[in-house]
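Data from final.txt: compact mmCIF, N, CA and C atoms
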# COMPACT_ATOMS: atom_id res chain seq x y z
N MET A 1268 0.69 -33.89 0.80
CA MET A 1268 0.00 -33.35 1.94
C MET A 1268 -1.52 -33.38 1.70
N ILE A 1269 -1.96 -32.93 0.54
CA ILE A 1269 -3.39 -32.94 0.24
C ILE A 1269 -3.90 -34.36 0.13
N LEU A 1270 -3.12 -35.21 -0.52
CA LEU A 1270 -3.54 -36.61 -0.65
C LEU A 1270 -3.66 -37.27 0.72
N ALA A 1271 -2.74 -36.96 1.61
CA ALA A 1271 -2.79 -37.53 2.96
C ALA A 1271 -4.06 -37.06 3.68
N ALA A 1272 -4.40 -35.79 3.52
CA ALA A 1272 -5.60 -35.26 4.16
C ALA A 1272 -6.85 -35.91 3.57
N LEU A 1273 -6.86 -36.12 2.26
CA LEU A 1273 -8.00 -36.79 1.63
C LEU A 1273 -8.11 -38.23 2.11
N ASP A 1274 -6.99 -38.93 2.20
CA ASP A 1274 -7.00 -40.31 2.69
C ASP A 1274 -7.53 -40.38 4.12
N LYS A 1275 -7.12 -39.42 4.94
CA LYS A 1275 -7.57 -39.38 6.33
C LYS A 1275 -9.08 -39.14 6.40
N ALA A 1276 -9.58 -38.23 5.56
CA ALA A 1276 -11.01 -37.94 5.54
C ALA A 1276 -11.81 -39.15 5.09
N VAL A 1277 -11.32 -39.84 4.06
CA VAL A 1277 -12.01 -41.03 3.56
C VAL A 1277 -11.98 -42.13 4.61
N ALA A 1278 -10.87 -42.28 5.31
CA ALA A 1278 -10.77 -43.30 6.35
C ALA A 1278 -11.74 -43.00 7.51
N ALA A 1279 -12.04 -41.72 7.70
CA ALA A 1279 -12.96 -41.33 8.77
C ALA A 1279 -14.42 -41.44 8.32
N GLY A 1280 -14.64 -41.81 7.05
CA GLY A 1280 -16.00 -42.03 6.59
C GLY A 1280 -16.51 -41.04 5.55
N ALA A 1281 -15.70 -40.08 5.18
CA ALA A 1281 -16.14 -39.11 4.17
C ALA A 1281 -16.07 -39.74 2.78
N ARG A 1282 -16.91 -39.27 1.91
CA ARG A 1282 -16.84 -39.71 0.51
C ARG A 1282 -15.76 -38.90 -0.20
N LEU A 1283 -14.99 -39.57 -1.04
CA LEU A 1283 -13.90 -38.91 -1.75
C LEU A 1283 -14.42 -37.76 -2.60
N LYS A 1284 -15.53 -37.97 -3.29
CA LYS A 1284 -16.07 -36.93 -4.16
C LYS A 1284 -16.40 -35.68 -3.37
N ARG A 1285 -17.04 -35.83 -2.22
CA ARG A 1285 -17.41 -34.68 -1.40
C ARG A 1285 -16.17 -33.99 -0.82
N ALA A 1286 -15.20 -34.77 -0.39
CA ALA A 1286 -13.97 -34.18 0.15
C ALA A 1286 -13.24 -33.39 -0.94
N CYS A 1287 -13.23 -33.92 -2.16
CA CYS A 1287 -12.60 -33.21 -3.27
C CYS A 1287 -13.34 -31.91 -3.57
N GLU A 1288 -14.65 -31.95 -3.55
CA GLU A 1288 -15.45 -30.75 -3.81
C GLU A 1288 -15.14 -29.65 -2.79
N LEU A 1289 -15.00 -30.04 -1.53
CA LEU A 1289 -14.69 -29.05 -0.49
C LEU A 1289 -13.34 -28.39 -0.71
N LEU A 1290 -12.42 -29.13 -1.32
CA LEU A 1290 -11.09 -28.59 -1.61
C LEU A 1290 -11.01 -27.90 -2.97
N GLY A 1291 -12.09 -27.99 -3.73
CA GLY A 1291 -12.08 -27.39 -5.06
C GLY A 1291 -11.32 -28.23 -6.08
N LEU A 1292 -11.30 -29.53 -5.86
CA LEU A 1292 -10.59 -30.45 -6.76
C LEU A 1292 -11.57 -31.41 -7.41
N SER A 1293 -11.18 -31.93 -8.56
CA SER A 1293 -11.96 -33.01 -9.15
C SER A 1293 -11.30 -34.33 -8.76
N ILE A 1294 -12.08 -35.38 -8.81
CA ILE A 1294 -11.53 -36.70 -8.51
C ILE A 1294 -10.42 -37.04 -9.50
N ARG A 1295 -10.61 -36.62 -10.75
CA ARG A 1295 -9.60 -36.89 -11.78
C ARG A 1295 -8.26 -36.23 -11.43
N THR A 1296 -8.29 -35.05 -10.88
CA THR A 1296 -7.05 -34.38 -10.46
C THR A 1296 -6.35 -35.18 -9.38
N VAL A 1297 -7.11 -35.68 -8.43
CA VAL A 1297 -6.53 -36.49 -7.35
C VAL A 1297 -5.92 -37.77 -7.93
N GLN A 1298 -6.61 -38.40 -8.86
CA GLN A 1298 -6.08 -39.61 -9.50
C GLN A 1298 -4.78 -39.30 -10.23
N ARG A 1299 -4.73 -38.18 -10.91
CA ARG A 1299 -3.53 -37.80 -11.65
C ARG A 1299 -2.37 -37.54 -10.69
N TRP A 1300 -2.64 -36.84 -9.58
CA TRP A 1300 -1.59 -36.58 -8.60
C TRP A 1300 -1.06 -37.88 -8.01
N ARG A 1301 -1.96 -38.82 -7.73
CA ARG A 1301 -1.52 -40.10 -7.19
C ARG A 1301 -0.64 -40.84 -8.19
N ALA A 1302 -1.02 -40.80 -9.46
CA ALA A 1302 -0.23 -41.47 -10.50
C ALA A 1302 1.14 -40.82 -10.66
N MET A 1303 1.23 -39.53 -10.35
CA MET A 1303 2.51 -38.82 -10.47
C MET A 1303 3.36 -39.01 -9.22
N GLY A 1304 2.80 -39.66 -8.21
CA GLY A 1304 3.58 -39.97 -7.01
C GLY A 1304 3.63 -38.88 -5.97
N GLY A 1305 2.71 -37.95 -5.97
CA GLY A 1305 2.74 -36.91 -4.95
C GLY A 1305 1.39 -36.25 -4.79
N GLY A 1306 1.28 -35.48 -3.73
CA GLY A 1306 0.02 -34.83 -3.46
C GLY A 1306 0.15 -33.34 -3.28
N GLU A 1307 1.19 -32.78 -3.81
CA GLU A 1307 1.34 -31.33 -3.70
C GLU A 1307 0.37 -30.65 -4.66
N ASP A 1308 -0.15 -29.55 -4.26
CA ASP A 1308 -1.10 -28.80 -5.07
C ASP A 1308 -0.34 -28.15 -6.23
N ARG A 1309 -0.59 -28.64 -7.42
CA ARG A 1309 0.13 -28.14 -8.59
C ARG A 1309 -0.69 -27.12 -9.39
N ARG A 1310 -1.85 -26.74 -8.85
CA ARG A 1310 -2.65 -25.74 -9.56
C ARG A 1310 -1.91 -24.41 -9.52
N GLN A 1311 -1.93 -23.71 -10.63
CA GLN A 1311 -1.19 -22.45 -10.71
C GLN A 1311 -2.09 -21.24 -10.87
N GLY A 1312 -3.36 -21.47 -11.16
CA GLY A 1312 -4.27 -20.36 -11.31
C GLY A 1312 -4.03 -19.62 -12.62
N PRO A 1313 -4.74 -18.52 -12.82
CA PRO A 1313 -4.59 -17.78 -14.06
C PRO A 1313 -3.19 -17.17 -14.15
N LYS A 1314 -2.67 -17.14 -15.35
CA LYS A 1314 -1.33 -16.60 -15.56
C LYS A 1314 -1.32 -15.10 -15.79
N SER A 1315 -2.49 -14.53 -16.10
CA SER A 1315 -2.55 -13.09 -16.31
C SER A 1315 -3.90 -12.56 -15.81
N THR A 1316 -3.94 -11.28 -15.60
CA THR A 1316 -5.16 -10.62 -15.16
C THR A 1316 -6.07 -10.42 -16.37
N PRO A 1317 -7.36 -10.69 -16.23
CA PRO A 1317 -8.27 -10.48 -17.36
C PRO A 1317 -8.23 -9.02 -17.82
N HIS A 1318 -8.30 -8.83 -19.12
CA HIS A 1318 -8.22 -7.47 -19.67
C HIS A 1318 -9.43 -6.62 -19.29
N ASN A 1319 -10.54 -7.27 -18.95
CA ASN A 1319 -11.75 -6.52 -18.63
C ASN A 1319 -12.03 -6.47 -17.12
N LYS A 1320 -11.03 -6.74 -16.32
CA LYS A 1320 -11.21 -6.69 -14.87
C LYS A 1320 -11.55 -5.26 -14.44
N LEU A 1321 -12.50 -5.15 -13.52
CA LEU A 1321 -12.90 -3.83 -13.04
C LEU A 1321 -11.78 -3.20 -12.23
N THR A 1322 -11.63 -1.90 -12.38
CA THR A 1322 -10.67 -1.17 -11.57
C THR A 1322 -11.25 -1.01 -10.16
N GLN A 1323 -10.43 -0.57 -9.25
CA GLN A 1323 -10.89 -0.36 -7.88
C GLN A 1323 -11.99 0.70 -7.84
N ALA A 1324 -11.85 1.74 -8.66
CA ALA A 1324 -12.87 2.80 -8.70
C ALA A 1324 -14.20 2.26 -9.23
N GLU A 1325 -14.13 1.38 -10.23
CA GLU A 1325 -15.36 0.79 -10.78
C GLU A 1325 -16.03 -0.12 -9.75
N GLU A 1326 -15.22 -0.89 -9.02
CA GLU A 1326 -15.78 -1.73 -7.96
C GLU A 1326 -16.42 -0.88 -6.87
N ASP A 1327 -15.76 0.21 -6.53
CA ASP A 1327 -16.31 1.11 -5.51
C ASP A 1327 -17.63 1.70 -5.96
N ALA A 1328 -17.75 2.00 -7.26
CA ALA A 1328 -19.01 2.54 -7.79
C ALA A 1328 -20.13 1.50 -7.66
N VAL A 1329 -19.82 0.24 -7.91
CA VAL A 1329 -20.82 -0.83 -7.75
C VAL A 1329 -21.26 -0.90 -6.29
N VAL A 1330 -20.30 -0.86 -5.38
CA VAL A 1330 -20.63 -0.94 -3.95
C VAL A 1330 -21.48 0.24 -3.52
N GLU A 1331 -21.16 1.42 -4.00
CA GLU A 1331 -21.95 2.60 -3.64
C GLU A 1331 -23.39 2.48 -4.12
N VAL A 1332 -23.58 1.96 -5.32
CA VAL A 1332 -24.94 1.79 -5.84
C VAL A 1332 -25.70 0.77 -5.00
N VAL A 1333 -25.05 -0.34 -4.69
CA VAL A 1333 -25.70 -1.39 -3.90
C VAL A 1333 -26.07 -0.89 -2.51
N LYS A 1334 -25.22 -0.05 -1.92
CA LYS A 1334 -25.46 0.44 -0.57
C LYS A 1334 -26.41 1.64 -0.52
N SER A 1335 -26.67 2.25 -1.67
CA SER A 1335 -27.51 3.46 -1.67
C SER A 1335 -28.92 3.12 -1.20
N THR A 1336 -29.55 4.08 -0.57
CA THR A 1336 -30.91 3.85 -0.05
C THR A 1336 -31.91 3.62 -1.17
N LYS A 1337 -31.67 4.20 -2.32
CA LYS A 1337 -32.58 4.05 -3.46
C LYS A 1337 -32.66 2.60 -3.94
N TYR A 1338 -31.52 1.89 -3.89
CA TYR A 1338 -31.46 0.53 -4.42
C TYR A 1338 -31.22 -0.53 -3.34
N ALA A 1339 -31.28 -0.16 -2.09
CA ALA A 1339 -30.91 -1.07 -0.99
C ALA A 1339 -31.74 -2.35 -0.95
N ASP A 1340 -32.98 -2.30 -1.37
CA ASP A 1340 -33.86 -3.47 -1.28
C ASP A 1340 -33.86 -4.33 -2.54
N LEU A 1341 -33.02 -3.99 -3.51
CA LEU A 1341 -33.01 -4.71 -4.77
C LEU A 1341 -31.83 -5.68 -4.86
N SER A 1342 -32.08 -6.81 -5.46
CA SER A 1342 -30.99 -7.76 -5.72
C SER A 1342 -30.30 -7.35 -7.02
N PRO A 1343 -29.10 -7.84 -7.27
CA PRO A 1343 -28.44 -7.55 -8.54
C PRO A 1343 -29.29 -7.98 -9.74
N ARG A 1344 -30.06 -9.03 -9.57
CA ARG A 1344 -30.92 -9.50 -10.67
C ARG A 1344 -31.94 -8.42 -11.06
N GLN A 1345 -32.38 -7.64 -10.09
CA GLN A 1345 -33.32 -6.55 -10.35
C GLN A 1345 -32.58 -5.25 -10.67
N LEU A 1346 -31.46 -5.06 -10.02
CA LEU A 1346 -30.73 -3.80 -10.10
C LEU A 1346 -30.07 -3.56 -11.45
N VAL A 1347 -29.41 -4.56 -12.00
CA VAL A 1347 -28.69 -4.39 -13.26
C VAL A 1347 -29.62 -3.97 -14.40
N PRO A 1348 -30.77 -4.65 -14.61
CA PRO A 1348 -31.67 -4.19 -15.67
C PRO A 1348 -32.25 -2.79 -15.40
N LEU A 1349 -32.52 -2.49 -14.13
CA LEU A 1349 -33.05 -1.17 -13.79
C LEU A 1349 -32.05 -0.08 -14.14
N LEU A 1350 -30.80 -0.30 -13.82
CA LEU A 1350 -29.76 0.67 -14.18
C LEU A 1350 -29.61 0.77 -15.69
N ALA A 1351 -29.71 -0.38 -16.38
CA ALA A 1351 -29.59 -0.38 -17.84
C ALA A 1351 -30.69 0.45 -18.48
N CYS A 1352 -31.89 0.40 -17.92
CA CYS A 1352 -33.00 1.22 -18.44
C CYS A 1352 -32.70 2.70 -18.29
N ASP A 1353 -31.90 3.03 -17.28
CA ASP A 1353 -31.50 4.43 -17.07
C ASP A 1353 -30.25 4.79 -17.86
N GLY A 1354 -29.73 3.82 -18.64
CA GLY A 1354 -28.54 4.08 -19.45
C GLY A 1354 -27.24 3.94 -18.69
N VAL A 1355 -27.27 3.25 -17.56
CA VAL A 1355 -26.08 3.08 -16.73
C VAL A 1355 -25.69 1.61 -16.73
N TYR A 1356 -24.44 1.32 -17.09
CA TYR A 1356 -23.94 -0.05 -16.99
C TYR A 1356 -22.66 -0.02 -16.18
N LEU A 1357 -22.71 -0.64 -15.02
CA LEU A 1357 -21.54 -0.70 -14.15
C LEU A 1357 -20.83 -2.04 -14.26
N ALA A 1358 -21.62 -3.11 -14.26
CA ALA A 1358 -21.05 -4.46 -14.31
C ALA A 1358 -22.19 -5.44 -14.56
N SER A 1359 -21.82 -6.66 -14.85
CA SER A 1359 -22.82 -7.70 -15.07
C SER A 1359 -23.41 -8.15 -13.73
N GLU A 1360 -24.51 -8.86 -13.82
CA GLU A 1360 -25.16 -9.38 -12.61
C GLU A 1360 -24.22 -10.30 -11.81
N PRO A 1361 -23.54 -11.27 -12.46
CA PRO A 1361 -22.61 -12.11 -11.67
C PRO A 1361 -21.48 -11.31 -11.03
N THR A 1362 -21.03 -10.26 -11.71
CA THR A 1362 -19.98 -9.42 -11.13
C THR A 1362 -20.48 -8.68 -9.91
N PHE A 1363 -21.72 -8.20 -9.96
CA PHE A 1363 -22.32 -7.58 -8.78
C PHE A 1363 -22.29 -8.56 -7.61
N TYR A 1364 -22.73 -9.80 -7.86
CA TYR A 1364 -22.75 -10.80 -6.80
C TYR A 1364 -21.34 -11.09 -6.27
N ARG A 1365 -20.36 -11.21 -7.17
CA ARG A 1365 -18.98 -11.47 -6.73
C ARG A 1365 -18.46 -10.34 -5.85
N ILE A 1366 -18.71 -9.11 -6.26
CA ILE A 1366 -18.24 -7.96 -5.48
C ILE A 1366 -18.94 -7.92 -4.13
N MET A 1367 -20.23 -8.17 -4.12
CA MET A 1367 -20.97 -8.17 -2.85
C MET A 1367 -20.45 -9.26 -1.91
N HIS A 1368 -20.17 -10.42 -2.47
CA HIS A 1368 -19.65 -11.53 -1.66
C HIS A 1368 -18.27 -11.17 -1.12
N ARG A 1369 -17.42 -10.61 -1.96
CA ARG A 1369 -16.05 -10.28 -1.55
C ARG A 1369 -16.04 -9.18 -0.51
N ARG A 1370 -16.96 -8.24 -0.62
CA ARG A 1370 -16.99 -7.09 0.30
C ARG A 1370 -17.98 -7.28 1.45
N ASN A 1371 -18.57 -8.45 1.56
CA ASN A 1371 -19.55 -8.74 2.62
C ASN A 1371 -20.74 -7.80 2.55
Please rewrite the model in this file as structure tokens.
Amino acid sequence: MILAALDKAVAAGARLKRACELLGLSIRTVQRWRAMGGGEDRRQGPKSTPHNKLTQAEEDAVVEVVKSTKYADLSPRQLVPLLACDGVYLASEPTFYRIMHRRN
């Protein structure tokens, strides 16, 4: 199914590399699927939850800090070091961005 969609996109003028990027695939993965005779998505994702994943309460604490009027105008790049100076560590800068993206 995925291979058929990629073939259709390429036939319509799209570049294979760009179409693969939009699907989150590498060209090598597509080549391997073709060699195996099918186009089903065989990605399985992580097999276990990371041991350091934030709990829901910890994520909520990050959201509350980001939404607070005191820090509303700061980006995570500014906010994380500022909190660290105050002795508070909630999450890393990339984690702040991921939570903000996930929670809009």
Next item on the list: Please identify all polymer residues within 8 Å of A:Ile1366, counting only N, CA and C atoms, omitting same-chain residues fewer than 6 positions from it, and present them as a list in words.
Entry: Glu1326, Val1329, Val1330 and Glu1360 of chain A
Check: What is the distance, in Å and to one decimal place, between atom CA of A:Ser1293 and atom C of A:Ala1278?
Finding: 19.4 Å
Checklist line | Separation of atom CA of A:Cys1287 from atom CA of A:Phe1363 in Å | finding: 28.0 Å
Notebook entry, point to check: Which one is closest to A:Arg1282: A:Ile1294, A:Gln1311, A:Glu1331, A:Asp1353? Count only C-alpha atoms.
Noted result: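 Between A:Ile1294, A:Gln1311, A:Glu1331, A:Asp1353, the residue approaching A:Arg1282 most closely is A:Ile1294.
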Notebook entry, point to check: Could you state the separation of atom N of A:Gln1298 and atom C of A:Gly1312 in Å, given to one decimal place?
Noted result: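 According to the coordinates, atom N of A:Gln1298 and atom C of A:Gly1312 are separated by 19.3 Å.
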Which polymer residues have any atom within 7 Å of an atom of A:Tyr1364, counting only N, CA and C atoms, with same-chain residues fewer than 5 positions away left out, as a compact mmCIF listing (two decimals) with N, CA and C atoms, in the coordinates of the input?
# COMPACT_ATOMS: atom_id res chain seq x y z
N PRO A 1343 -29.10 -7.84 -7.27
CA PRO A 1343 -28.44 -7.55 -8.54
C PRO A 1343 -29.29 -7.98 -9.74
N SER A 1359 -21.82 -6.66 -14.85
CA SER A 1359 -22.82 -7.70 -15.07
C SER A 1359 -23.41 -8.15 -13.73
N ARG A 1369 -17.42 -10.61 -1.96
CA ARG A 1369 -16.05 -10.28 -1.55
C ARG A 1369 -16.04 -9.18 -0.51
Margin query: DSSP on the backbone: which residues in stretch 1268-1370 of chain A end up as helix (DSSP H, G or I)? Give the answer as a PyMOL selection string.
Written below: chain A and resi 1269-1278+1283-1290+1294-1302+1323-1334+1343-1352+1360-1369
Listed atoms of stretch 1297-1315 of chain A boxed axis-aligned with 3 Å per side, centre + edges as JSON:
{"center_x": -1.7, "center_y": -27.0, "center_z": -9.8, "size_x": 16.7, "size_y": 34.9, "size_z": 19.0}
